[in-house]
>>> print(open('final.cif').read())   # mmCIF, C-alpha atoms and all ligand atoms
data_entry
#
loop_
_atom_site.label_atom_id
_atom_site.label_comp_id
_atom_site.auth_asym_id
_atom_site.auth_seq_id
_atom_site.Cartn_x
_atom_site.Cartn_y
_atom_site.Cartn_z
CA MET A 82 167.46 150.98 180.75
CA LYS A 83 164.37 150.56 178.62
CA ILE A 84 161.47 148.26 179.45
CA GLU A 85 162.50 145.55 176.92
CA THR A 86 165.91 145.22 178.59
CA LEU A 87 164.56 145.44 182.14
CA ALA A 88 162.03 142.68 181.39
CA ILE A 89 164.96 140.34 180.69
CA HIS A 90 167.67 141.51 183.06
CA ALA A 91 166.17 143.22 186.13
CA GLY A 92 166.48 140.93 189.15
CA ASN A 93 168.26 138.20 187.17
CA HIS A 94 171.57 137.87 188.95
CA GLY A 95 172.35 134.38 187.66
CA ASP A 96 174.04 131.95 190.03
CA PRO A 97 177.63 132.65 191.10
CA THR A 98 178.24 129.06 192.30
CA THR A 99 177.32 127.32 189.03
CA GLY A 100 177.56 130.16 186.54
CA ALA A 101 173.97 129.49 185.45
CA VAL A 102 172.64 132.33 183.30
CA VAL A 103 169.09 131.61 184.40
CA PRO A 104 168.53 131.99 188.16
CA PRO A 105 168.04 128.57 189.81
CA LEU A 106 164.74 127.59 191.41
CA ILE A 107 165.28 127.35 195.15
CA LEU A 108 162.57 125.29 196.79
CA SER A 109 164.08 125.13 200.28
CA THR A 110 161.82 126.66 202.92
CA THR A 111 164.68 127.17 205.38
CA PHE A 112 168.25 128.43 205.16
CA GLU A 113 171.29 127.48 207.23
CA ARG A 114 172.73 129.81 209.82
CA ALA A 115 176.38 130.23 210.82
CA ASN A 116 177.93 127.78 213.33
CA ASP A 117 177.42 130.24 216.18
CA GLY A 118 173.71 130.55 215.30
CA SER A 119 174.04 134.02 213.85
CA LEU A 120 172.54 134.99 210.51
CA VAL A 121 174.75 134.82 207.44
CA GLU A 122 174.71 138.25 205.81
CA GLY A 123 172.51 138.44 202.71
CA ARG A 124 171.03 135.00 203.34
CA ASP A 125 167.33 134.29 203.82
CA ILE A 126 165.93 132.67 206.97
CA TYR A 127 162.56 131.18 206.13
CA THR A 128 160.80 131.29 202.79
CA ARG A 129 157.53 132.91 203.94
CA ALA A 130 159.53 135.94 205.10
CA SER A 131 161.75 136.05 202.01
CA ASN A 132 163.41 133.81 199.46
CA PRO A 133 165.71 134.27 196.45
CA ASN A 134 163.12 133.66 193.71
CA ARG A 135 160.60 136.07 195.21
CA ARG A 136 163.26 138.72 195.70
CA ALA A 137 164.33 138.42 192.04
CA LEU A 138 160.72 138.69 190.91
CA GLU A 139 160.01 141.71 193.10
CA GLU A 140 163.08 143.45 191.74
CA LYS A 141 161.89 142.92 188.17
CA LEU A 142 158.30 144.01 188.88
CA ALA A 143 159.49 147.22 190.57
CA ALA A 144 161.79 147.99 187.63
CA LEU A 145 159.06 147.44 185.02
CA GLU A 146 156.64 149.78 186.78
CA GLY A 147 159.35 152.37 187.45
CA GLY A 148 158.87 151.95 191.20
CA SER A 149 161.17 151.57 194.18
CA GLU A 150 159.75 148.43 195.75
CA ALA A 151 157.40 145.61 194.76
CA ILE A 152 155.73 143.15 197.11
CA ALA A 153 154.52 139.89 195.55
CA PHE A 154 151.42 137.96 196.58
CA ALA A 155 149.79 134.63 195.75
CA SER A 156 146.99 136.36 193.80
CA GLY A 157 145.80 139.76 192.70
CA GLN A 158 143.07 139.56 195.32
CA ALA A 159 145.65 139.05 198.12
CA ALA A 160 147.51 142.12 196.81
CA THR A 161 144.29 144.16 196.84
CA MET A 162 143.49 142.99 200.37
CA SER A 163 146.90 144.10 201.59
CA ILE A 164 146.12 147.68 200.51
CA PHE A 165 142.68 147.82 202.17
CA HIS A 166 144.16 146.20 205.27
CA THR A 167 146.51 149.15 205.85
CA LEU A 168 143.69 151.71 205.95
CA GLY A 169 142.43 150.95 209.43
CA ALA A 170 138.95 150.25 210.80
CA GLY A 171 136.17 152.65 209.86
CA SER A 172 137.87 153.99 206.76
CA HIS A 173 136.03 155.03 203.62
CA VAL A 174 137.27 154.49 200.08
CA ILE A 175 136.10 155.78 196.70
CA LEU A 176 135.85 153.21 193.92
CA PRO A 177 134.98 153.26 190.20
CA ASP A 178 131.39 152.10 189.61
CA ASP A 179 132.61 149.41 187.20
CA ILE A 180 135.51 148.25 189.35
CA TYR A 181 136.79 144.68 188.93
CA TYR A 182 133.90 142.79 190.46
CA ASN A 183 135.81 140.89 193.15
CA THR A 184 137.62 143.99 194.45
CA LYS A 185 134.25 145.28 195.60
CA VAL A 186 133.38 141.87 197.04
CA ILE A 187 136.49 142.11 199.28
CA ILE A 188 135.15 145.34 200.80
CA ASP A 189 131.56 144.19 201.10
CA THR A 190 132.31 140.82 202.67
CA LEU A 191 135.83 140.42 204.07
CA TYR A 192 136.21 143.97 205.43
CA ALA A 193 132.62 144.62 206.50
CA ASN A 194 133.65 143.62 210.06
CA PHE A 195 136.26 146.39 210.03
CA GLY A 196 133.67 149.01 209.13
CA LEU A 197 135.35 149.69 205.80
CA THR A 198 132.84 151.49 203.58
CA CYS A 199 132.92 152.67 199.99
CA THR A 200 131.23 154.99 197.54
CA GLU A 201 131.14 154.03 193.88
CA VAL A 202 131.43 156.84 191.36
CA ASP A 203 131.92 157.27 187.64
CA MET A 204 135.66 158.06 187.80
CA THR A 205 135.49 159.81 184.44
CA ASP A 206 133.27 162.47 186.08
CA LEU A 207 135.60 164.36 188.46
CA ASN A 208 132.74 166.15 190.22
CA GLN A 209 131.34 162.82 191.38
CA ILE A 210 134.70 162.06 193.02
CA LYS A 211 134.80 165.45 194.79
CA ARG A 212 131.26 164.99 196.09
CA ALA A 213 132.02 161.49 197.40
CA ILE A 214 134.87 162.59 199.71
CA LYS A 215 133.98 162.25 203.39
CA LYS A 216 135.78 162.99 206.69
CA ASN A 217 136.94 159.36 206.96
CA THR A 218 137.90 158.92 203.28
CA LYS A 219 141.42 157.52 203.08
CA LEU A 220 141.90 156.33 199.54
CA ILE A 221 140.73 156.65 195.95
CA TRP A 222 140.99 153.47 193.86
CA ILE A 223 141.51 153.82 190.11
CA GLU A 224 141.17 151.11 187.49
CA SER A 225 141.92 152.25 183.95
CA PRO A 226 140.85 151.06 181.45
CA SER A 227 137.95 149.70 183.47
CA ASN A 228 136.36 146.29 183.41
CA PRO A 229 134.35 145.55 181.28
CA SER A 230 133.35 148.89 179.73
CA LEU A 231 136.90 150.14 179.06
CA LYS A 232 136.37 153.59 180.57
CA VAL A 233 139.63 155.52 180.75
CA THR A 234 140.15 157.60 183.90
CA ASP A 235 142.26 160.77 183.84
CA ILE A 236 144.74 159.57 186.48
CA GLN A 237 146.52 162.90 186.82
CA ALA A 238 143.24 164.75 187.45
CA VAL A 239 142.15 162.24 190.12
CA VAL A 240 145.54 162.49 191.86
CA LYS A 241 145.16 166.29 191.96
CA ILE A 242 141.79 166.01 193.72
CA ALA A 243 143.19 163.41 196.14
CA LYS A 244 146.31 165.37 197.06
CA ALA A 245 144.28 168.50 197.85
CA LYS A 246 142.51 166.42 200.53
CA ASN A 247 145.51 164.35 201.65
CA LEU A 248 144.08 161.12 200.30
CA LEU A 249 146.06 158.19 198.95
CA VAL A 250 145.56 157.00 195.38
CA ALA A 251 145.85 153.34 194.40
CA CYS A 252 145.75 152.18 190.79
CA ASP A 253 144.87 148.68 189.60
CA ASN A 254 147.14 148.64 186.53
CA THR A 255 146.40 145.03 185.55
CA TRP A 256 144.84 145.87 182.19
CA ALA A 257 147.11 148.60 180.84
CA THR A 258 150.28 147.37 182.56
CA PRO A 259 153.28 149.76 182.59
CA PHE A 260 153.73 149.06 178.88
CA PHE A 261 150.70 151.28 178.14
CA THR A 262 150.18 153.34 181.32
CA LYS A 263 152.67 154.46 183.99
CA PRO A 264 150.58 155.56 187.01
CA PHE A 265 153.66 156.76 188.93
CA ASN A 266 154.23 159.43 186.26
CA PHE A 267 150.92 160.94 187.40
CA GLY A 268 151.62 160.82 191.16
CA VAL A 269 149.81 157.62 192.18
CA ASP A 270 150.88 156.29 195.64
CA VAL A 271 150.57 152.56 195.04
CA VAL A 272 150.04 150.34 191.99
CA MET A 273 148.39 146.95 192.24
CA HIS A 274 148.54 144.14 189.66
CA SER A 275 146.99 140.79 189.11
CA THR A 276 150.14 139.21 187.65
CA THR A 277 147.86 136.35 186.59
CA LYS A 278 147.06 138.39 183.49
CA TYR A 279 149.52 140.14 181.11
CA PHE A 280 152.58 139.80 183.34
CA GLY A 281 152.10 136.02 183.53
CA GLY A 282 150.90 136.09 179.92
CA HIS A 283 150.27 132.36 179.49
CA SER A 284 147.21 131.71 181.69
CA ASP A 285 149.18 129.33 183.91
CA ILE A 286 150.30 131.30 187.00
CA LEU A 287 148.13 132.97 189.63
CA GLY A 288 149.75 135.95 191.32
CA GLY A 289 149.57 139.57 192.36
CA CYS A 290 151.74 142.42 193.54
CA VAL A 291 151.76 145.93 194.90
CA ILE A 292 154.41 148.40 193.78
CA PHE A 293 155.49 151.69 195.36
CA PRO A 294 156.73 154.85 193.62
CA PRO A 295 160.30 156.15 193.67
CA ASN A 296 159.54 158.72 196.39
CA ILE A 297 157.26 157.03 198.87
CA GLN A 298 155.18 159.63 200.78
CA HIS A 299 153.55 157.22 203.23
CA GLU A 300 154.23 154.12 205.35
CA MET A 301 152.03 151.75 203.40
CA ASN A 302 155.01 149.77 202.08
CA THR A 303 156.29 148.73 205.52
CA LYS A 304 152.77 147.76 206.61
CA ILE A 305 152.25 145.71 203.45
CA ARG A 306 155.64 144.00 203.77
CA THR A 307 154.47 142.82 207.21
CA PHE A 308 151.09 141.79 205.78
CA GLN A 309 152.98 139.69 203.21
CA SER A 310 155.62 138.05 205.40
CA VAL A 311 153.45 137.51 208.50
CA GLY A 312 150.05 137.15 206.80
CA GLY A 313 151.63 134.63 204.46
CA ALA A 314 149.58 134.97 201.24
CA VAL A 315 152.86 134.52 199.39
CA PRO A 316 153.58 133.03 195.96
CA SER A 317 155.59 129.81 195.91
CA PRO A 318 159.22 129.94 194.72
CA PHE A 319 158.13 128.05 191.58
CA ASP A 320 155.39 130.60 190.82
CA CYS A 321 157.97 133.39 191.24
CA TRP A 322 160.48 131.59 189.03
CA LEU A 323 157.87 130.96 186.34
CA LEU A 324 156.56 134.52 186.41
CA ASN A 325 160.11 135.83 186.12
CA ARG A 326 160.54 133.65 183.03
CA SER A 327 157.24 134.85 181.54
CA LEU A 328 158.23 138.46 182.08
CA SER A 329 161.29 138.01 179.86
CA THR A 330 158.97 138.09 176.83
CA TYR A 331 156.48 140.60 178.26
CA ALA A 332 157.75 143.51 176.17
CA VAL A 333 157.48 141.60 172.88
CA ARG A 334 154.01 140.29 173.69
CA MET A 335 152.38 143.61 174.58
CA PRO A 336 152.69 145.46 171.26
CA VAL A 337 151.23 142.44 169.43
CA HIS A 338 148.21 142.34 171.79
CA ALA A 339 147.64 146.05 171.09
CA GLN A 340 148.11 145.86 167.29
CA ASN A 341 145.76 142.88 167.04
CA ALA A 342 143.17 144.58 169.27
CA MET A 343 143.23 147.76 167.19
CA LYS A 344 142.64 145.79 163.97
CA LEU A 345 139.91 143.60 165.49
CA ALA A 346 138.15 146.63 167.03
CA THR A 347 138.14 148.39 163.66
CA PHE A 348 136.73 145.29 161.94
CA LEU A 349 134.02 144.78 164.58
CA GLU A 350 133.05 148.45 164.72
CA ASN A 351 132.08 148.27 161.05
CA HIS A 352 130.11 145.03 161.32
CA PRO A 353 126.29 145.24 161.06
CA GLN A 354 125.73 142.64 163.84
CA ILE A 355 127.66 144.74 166.36
CA GLU A 356 125.97 147.59 168.22
CA LYS A 357 129.09 149.08 169.81
CA VAL A 358 132.79 148.36 170.39
CA ASN A 359 134.36 149.63 173.60
CA TYR A 360 138.03 150.13 172.75
CA PRO A 361 139.81 153.38 173.65
CA GLY A 362 141.98 153.17 170.54
CA LEU A 363 138.99 153.87 168.26
CA LYS A 364 138.61 157.53 167.27
CA SER A 365 134.87 157.20 167.86
CA ASN A 366 135.41 156.12 171.49
CA GLU A 367 134.33 158.64 174.15
CA TYR A 368 137.60 158.12 176.09
CA HIS A 369 139.93 158.30 173.09
CA ARG A 370 141.16 161.82 173.88
CA ILE A 371 142.29 161.05 177.41
CA ALA A 372 143.56 157.60 176.37
CA LYS A 373 145.78 159.18 173.70
CA LYS A 374 147.36 161.37 176.38
CA GLN A 375 147.74 158.65 179.00
CA MET A 376 148.20 155.34 177.20
CA ILE A 377 151.59 155.56 175.56
CA GLY A 378 153.42 152.48 174.30
CA ALA A 379 157.10 151.82 174.99
CA ASP A 380 158.00 153.48 171.65
CA GLY A 381 156.35 156.74 172.80
CA VAL A 382 153.39 156.35 170.43
CA PRO A 383 149.81 156.14 171.82
CA SER A 384 148.76 152.48 172.09
CA PHE A 385 145.71 151.07 173.80
CA GLY A 386 146.29 147.53 175.00
CA GLY A 387 144.66 144.21 174.19
CA MET A 388 141.30 144.40 175.97
CA MET A 389 137.94 145.41 174.54
CA SER A 390 134.28 144.67 174.92
CA ILE A 391 131.52 144.53 172.33
CA LEU A 392 127.77 144.96 172.50
CA VAL A 393 126.11 142.46 170.21
CA LYS A 394 122.89 143.53 168.47
CA GLY A 395 120.00 141.78 170.19
CA GLY A 396 120.42 140.54 173.75
CA GLN A 397 121.95 137.86 175.93
CA LYS A 398 120.90 135.08 173.53
CA GLU A 399 122.62 136.64 170.51
CA ALA A 400 125.77 137.42 172.53
CA LEU A 401 126.08 133.87 173.85
CA ALA A 402 125.40 132.42 170.39
CA LEU A 403 128.21 134.48 168.86
CA ALA A 404 130.65 133.49 171.63
CA SER A 405 129.80 129.81 171.17
CA LYS A 406 130.39 129.89 167.40
CA LEU A 407 133.95 131.21 167.67
CA GLN A 408 136.59 128.51 167.33
CA ILE A 409 139.90 130.25 168.09
CA PHE A 410 138.52 132.54 170.80
CA LYS A 411 137.96 130.26 173.78
CA HIS A 412 134.85 131.00 175.83
CA ALA A 413 136.50 131.43 179.24
CA THR A 414 137.10 134.03 181.92
CA SER A 415 140.40 135.83 182.61
CA LEU A 416 142.63 137.77 180.20
CA GLY A 417 146.14 138.71 179.22
CA GLY A 418 147.31 135.34 177.92
CA VAL A 419 148.82 134.63 174.52
CA GLU A 420 145.54 132.96 173.49
CA SER A 421 142.41 134.97 172.66
CA LEU A 422 139.50 134.65 175.10
CA ILE A 423 135.91 135.83 175.03
CA GLU A 424 133.43 135.87 177.88
CA HIS A 425 129.93 136.93 178.77
CA ARG A 426 130.52 139.02 181.92
CA TYR A 427 126.86 139.04 182.89
CA SER A 428 126.80 135.22 183.26
CA VAL A 429 130.15 135.22 185.10
CA GLU A 430 129.18 137.94 187.61
CA GLY A 431 125.62 136.78 188.23
CA VAL A 432 122.46 138.72 188.97
CA HIS A 433 124.30 141.61 190.71
CA SER A 434 126.31 142.28 187.56
CA LYS A 435 126.17 145.79 186.14
CA SER A 436 127.42 144.48 182.81
CA PRO A 437 124.92 144.81 179.91
CA GLU A 438 123.43 141.43 178.99
CA ASN A 439 124.58 141.73 175.36
CA LEU A 440 128.21 142.51 176.31
CA LEU A 441 131.09 140.20 175.47
CA ARG A 442 134.53 140.95 176.86
CA ILE A 443 137.45 140.07 174.63
CA SER A 444 141.07 139.49 175.54
CA VAL A 445 142.87 139.66 172.21
CA GLY A 446 145.79 137.24 172.05
CA ILE A 447 148.90 137.25 169.91
CA GLU A 448 147.73 134.83 167.20
CA ASN A 449 147.81 136.00 163.57
CA ILE A 450 145.21 138.76 163.26
CA SER A 451 143.81 137.49 159.95
CA ASP A 452 142.92 134.19 161.65
CA LEU A 453 141.19 136.07 164.48
CA ILE A 454 139.15 138.20 162.09
CA ALA A 455 138.27 135.13 159.97
CA ASP A 456 137.05 133.41 163.15
CA PHE A 457 134.56 136.26 163.70
CA GLU A 458 133.57 136.33 160.03
CA ASN A 459 132.65 132.64 160.25
CA ALA A 460 130.81 133.07 163.54
CA PHE A 461 128.72 135.93 162.14
CA LYS A 462 127.49 133.74 159.24
C1 LIG B 501 142.00 139.36 187.59
C2 LIG B 501 141.93 140.73 188.15
C3 LIG B 501 142.05 140.96 189.53
C4 LIG B 501 142.17 139.82 190.55
O1 LIG B 501 143.34 139.11 190.43
P1 LIG B 501 143.49 137.53 190.76
O2 LIG B 501 144.90 137.25 190.33
O3 LIG B 501 142.46 136.80 189.97
O4 LIG B 501 143.29 137.36 192.22
C5 LIG B 501 142.02 142.27 189.97
N1 LIG B 501 141.87 143.30 189.11
C6 LIG B 501 141.73 143.12 187.79
C7 LIG B 501 141.57 144.29 186.90
C8 LIG B 501 141.78 141.83 187.25
O5 LIG B 501 141.63 141.66 185.94
#
>>> encode(input="final.cif", output="structure tokens")
Amino acid sequence: MKIETLAIHAGNHGDPTTGAVVPPLILSTTFERANDGSLVEGRDIYTRASNPNRRALEEKLAALEGGSEAIAFASGQAATMSIFHTLGAGSHVILPDDIYYNTKVIIDTLYANFGLTCTEVDMTDLNQIKRAIKKNTKLIWIESPSNPSLKVTDIQAVVKIAKAKNLLVACDNTWATPFFTKPFNFGVDVVMHSTTKYFGGHSDILGGCVIFPPNIQHEMNTKIRTFQSVGGAVPSPFDCWLLNRSLSTYAVRMPVHAQNAMKLATFLENHPQIEKVNYPGLKSNEYHRIAKKQMIGADGVPSFGGMMSILVKGGQKEALALASKLQIFKHATSLGGVESLIEHRYSVEGVHSKSPENLLRISVGIENISDLIADFENAFK
């Protein structure tokens, strides 16, 4: 089945007792056993370990990514932690130098006690990756396109380097989502998502997941299932139910995000108050060649997602002034919702930010594109 059909039907088994077409929300934390105390086959025991709404969601997430198993968490950060947790004390990981800010914070603060160390490299320079590999390196972490500079990593090339050294490869696929990039096609071992973003799509559910490929070559999935069910950073049944509902329209939302972003990027690239637009769909973009090979929409045509960043001529002051004059684009963090958002990463990340001070990150929503462009035209005046 194709992604549009899977987004609606995968994991949705309805309800045999009532005939409901939409799966019911089951809030119960505990489930009855048989009279003799034995477990009833196919029935859950306790909702931290498993429950019907989470199982339905995990089935859908695995199907969308083309994987064999998905494990859902209460946030993207909890999903990321589960991966680092499996590596063992004293491990070393290789990260992109513009990795999602809080992924790095997990390593530097929460896992410092475990002796987990990292080297940050420019993932678009394969030699830097090769040079960073140490005896205790266990994993290479990819994020493509990256945040906030929209660098596109050649996933297949990184996997090749990793496999030659027996390293695992994880991919944070939150930005591209399987609609625009399928990391398992390139041999990645585990995909991580913040489902808070495009999968949720409406800026009203926090969540995360890890997904495993069809042929799992490691034991990370069993370790992470334990991390989920015993560690307990699980999404509530309602969050799972709501995310499942949001995913039904995922495949119609994504092409609109991408079409709007392409048009807005083209408009902004030609505007005299803009120094640079980082969007891999632009022919002028330094990552366009690799993006065209790797970012393929559901219709088989290259398509580049809904995220971009712009460098405003001037500095921090000019960037913040532009953001504040926009009416439709809300000045707020996060991304992937139906509404357009703009944010000044440097202010959000603080003094340790590597983001240029004149950079604004834009999450292009699914409003009418002429309204979005008019909003910028007015703000530039
Ligand atoms: C938001 C985000 C995360 C973290 O996810 P939360 O759901 O906020 O915990 C991780 N990676 C990327 C790329 C993100 O955008």
>>> closest_residue(input="final.cif", among="A:Val121, A:Ile84, A:Ile175, A:Leu248", to="Asp380 (chain A)", atoms="all atoms listed in the file")
A:Ile84
>>> closest_atom_pairs(input="final.cif", of="region 132-236 of chain A", to="region 319-331 of chain A", cutoff="9 Å", atoms="all atoms listed in the file", output="tab-separated table")
residue	atom	partner	partner_atom	distance
A:Asn134	CA	A:Cys321	CA	5.7
A:Arg135	CA	A:Cys321	CA	5.5
A:Arg136	CA	A:Cys321	CA	8.7
A:Ala137	CA	A:Asn325	CA	7.7
A:Leu138	CA	A:Asn325	CA	5.6
A:Glu139	CA	A:Cys321	CA	8.8
A:Lys141	CA	A:Asn325	CA	7.6
A:Leu142	CA	A:Leu328	CA	8.8
A:Ala153	CA	A:Cys321	CA	8.5
A:Ala155	CA	A:Asp320	CA	8.5
>>> write_last_selection(input="final.cif", atoms="C-alpha atoms", output="JSON list (two decimals), in the coordinates of the input")
[["chain", "number", "residue", "atom", "x", "y", "z"],
["A", 134, "ASN", "CA", 163.12, 133.66, 193.71],
["A", 135, "ARG", "CA", 160.60, 136.07, 195.21],
["A", 136, "ARG", "CA", 163.26, 138.72, 195.70],
["A", 137, "ALA", "CA", 164.33, 138.42, 192.04],
["A", 138, "LEU", "CA", 160.72, 138.69, 190.91],
["A", 139, "GLU", "CA", 160.01, 141.71, 193.10],
["A", 141, "LYS", "CA", 161.89, 142.92, 188.17],
["A", 142, "LEU", "CA", 158.30, 144.01, 188.88],
["A", 153, "ALA", "CA", 154.52, 139.89, 195.55],
["A", 155, "ALA", "CA", 149.79, 134.63, 195.75]]
>>> residues_around(input="final.cif", residues="Lys374 (chain A)", least_positions_apart="4", cutoff="10 Å", atoms="only C-alpha atoms", output="PDB file with C-alpha atoms, in the frame of the given file")
ATOM      1  CA  ASP A 235     142.260 160.770 183.840  1.00  0.00           C
ATOM      2  CA  THR A 262     150.180 153.340 181.320  1.00  0.00           C
ATOM      3  CA  HIS A 369     139.930 158.300 173.090  1.00  0.00           C
ATOM      4  CA  ARG A 370     141.160 161.820 173.880  1.00  0.00           C
ATOM      5  CA  VAL A 382     153.390 156.350 170.430  1.00  0.00           C
ATOM      6  CA  PRO A 383     149.810 156.140 171.820  1.00  0.00           C
ATOM      7  CA  SER A 384     148.760 152.480 172.090  1.00  0.00           C
TER       8      SER A 384
END
>>> axis_aligned_box(input="final.cif", around="ligand LIG 501 (chain B)", padding_each_side="8 Å", output="lines of an AutoDock Vina configuration file")
center_x = 143.2
center_y = 140.5
center_z = 189.1
size_x = 19.3
size_y = 23.5
size_z = 22.3
>>> closest_atom_pairs(input="final.cif", of="chain A", to="ligand LIG 501 (chain B)", cutoff="9 Å", atoms="all atoms listed in the file", output="Markdown table")
| residue | atom | partner | partner_atom | distance |
| --- | --- | --- | --- | --- |
| A:Ala155 | CA | B:LIG501 | O2 | 7.8 |
| A:Ser156 | CA | B:LIG501 | O4 | 4.1 |
| A:Gly157 | CA | B:LIG501 | O1 | 3.4 |
| A:Gln158 | CA | B:LIG501 | O4 | 3.8 |
| A:Ala159 | CA | B:LIG501 | O4 | 6.6 |
| A:Ala160 | CA | B:LIG501 | O4 | 7.8 |
| A:Thr161 | CA | B:LIG501 | C5 | 7.5 |
| A:Ile180 | CA | B:LIG501 | C7 | 7.6 |
| A:Tyr181 | CA | B:LIG501 | C7 | 5.2 |
| A:Tyr182 | CA | B:LIG501 | N1 | 8.1 |
| A:Asn183 | CA | B:LIG501 | C4 | 7.0 |
| A:Thr184 | CA | B:LIG501 | C5 | 6.5 |
| A:Glu224 | CA | B:LIG501 | C7 | 6.9 |
| A:Ser225 | CA | B:LIG501 | C7 | 8.5 |
| A:Pro226 | CA | B:LIG501 | C7 | 8.7 |
| A:Ser227 | CA | B:LIG501 | C7 | 7.4 |
| A:Asn228 | CA | B:LIG501 | C7 | 6.6 |
| A:Asp253 | CA | B:LIG501 | C7 | 6.1 |
| A:Asn254 | CA | B:LIG501 | C7 | 7.1 |
| A:Thr255 | CA | B:LIG501 | C7 | 5.1 |
| A:Trp256 | CA | B:LIG501 | C7 | 5.9 |
| A:Met273 | CA | B:LIG501 | N1 | 8.1 |
| A:His274 | CA | B:LIG501 | N1 | 6.7 |
| A:Ser275 | CA | B:LIG501 | O1 | 4.2 |
| A:Thr276 | CA | B:LIG501 | O2 | 6.2 |
| A:Thr277 | CA | B:LIG501 | O2 | 4.9 |
| A:Lys278 | CA | B:LIG501 | C1 | 6.6 |
| A:Ile286 | CA | B:LIG501 | O2 | 8.7 |
| A:Leu287 | CA | B:LIG501 | O2 | 5.4 |
| A:Gly288 | CA | B:LIG501 | O2 | 5.1 |
| A:Gly289 | CA | B:LIG501 | O2 | 5.6 |
| A:Ser415 | CA | B:LIG501 | C1 | 6.3 |
| A:Leu416 | CA | B:LIG501 | O5 | 7.0 |
| A:Gly417 | CA | B:LIG501 | O5 | 8.6 |
>>> closest_residue(input="final.cif", among="A:Tyr279, A:Phe265, A:Phe457, A:Phe112", to="Ala332 (chain A)", atoms="only C-alpha atoms")
A:Tyr279
>>> closest_residue(input="final.cif", among="A:Asn132, A:Thr86, A:Gln237, A:Ser444", to="Leu422 (chain A)", atoms="all atoms listed in the file")
A:Ser444
>>> atom_distance(input="final.cif", atom1="CA of Leu168 (chain A)", atom2="CA of Leu197 (chain A)")
8.6 Å
>>> residues_near_point(input="final.cif", point="(148.5, 163.0, 205.4)", cutoff="10 Å", atoms="all atoms listed in the file", output="list of chain:residue names")
A:Lys219, A:Lys244, A:Lys246, A:Asn247, A:Leu248, A:Leu249, A:Gln298, A:His299
>>> residues_around(input="final.cif", residues="Thr128 (chain A)", least_positions_apart="3", cutoff="10 Å", atoms="only C-alpha atoms", output="number ranges by chain")
A: 107-112, 125, 131-135, 310, 313, 315, 317-318
>>> closest_residue(input="final.cif", among="A:Lys215, A:His90, A:Arg334, A:Lys364", to="Phe280 (chain A)", atoms="only C-alpha atoms")
A:Arg334
>>> residues_around(input="final.cif", residues="region 365-368 of chain A", least_positions_apart="6", cutoff="8 Å", atoms="only C-alpha atoms", output="PyMOL selection string")
chain A and resi 232-233+359
>>> closest_residue(input="final.cif", among="A:Ala213, A:Ala372, A:Ile443, A:Ile187", to="Met162 (chain A)", atoms="only C-alpha atoms")
A:Ile187
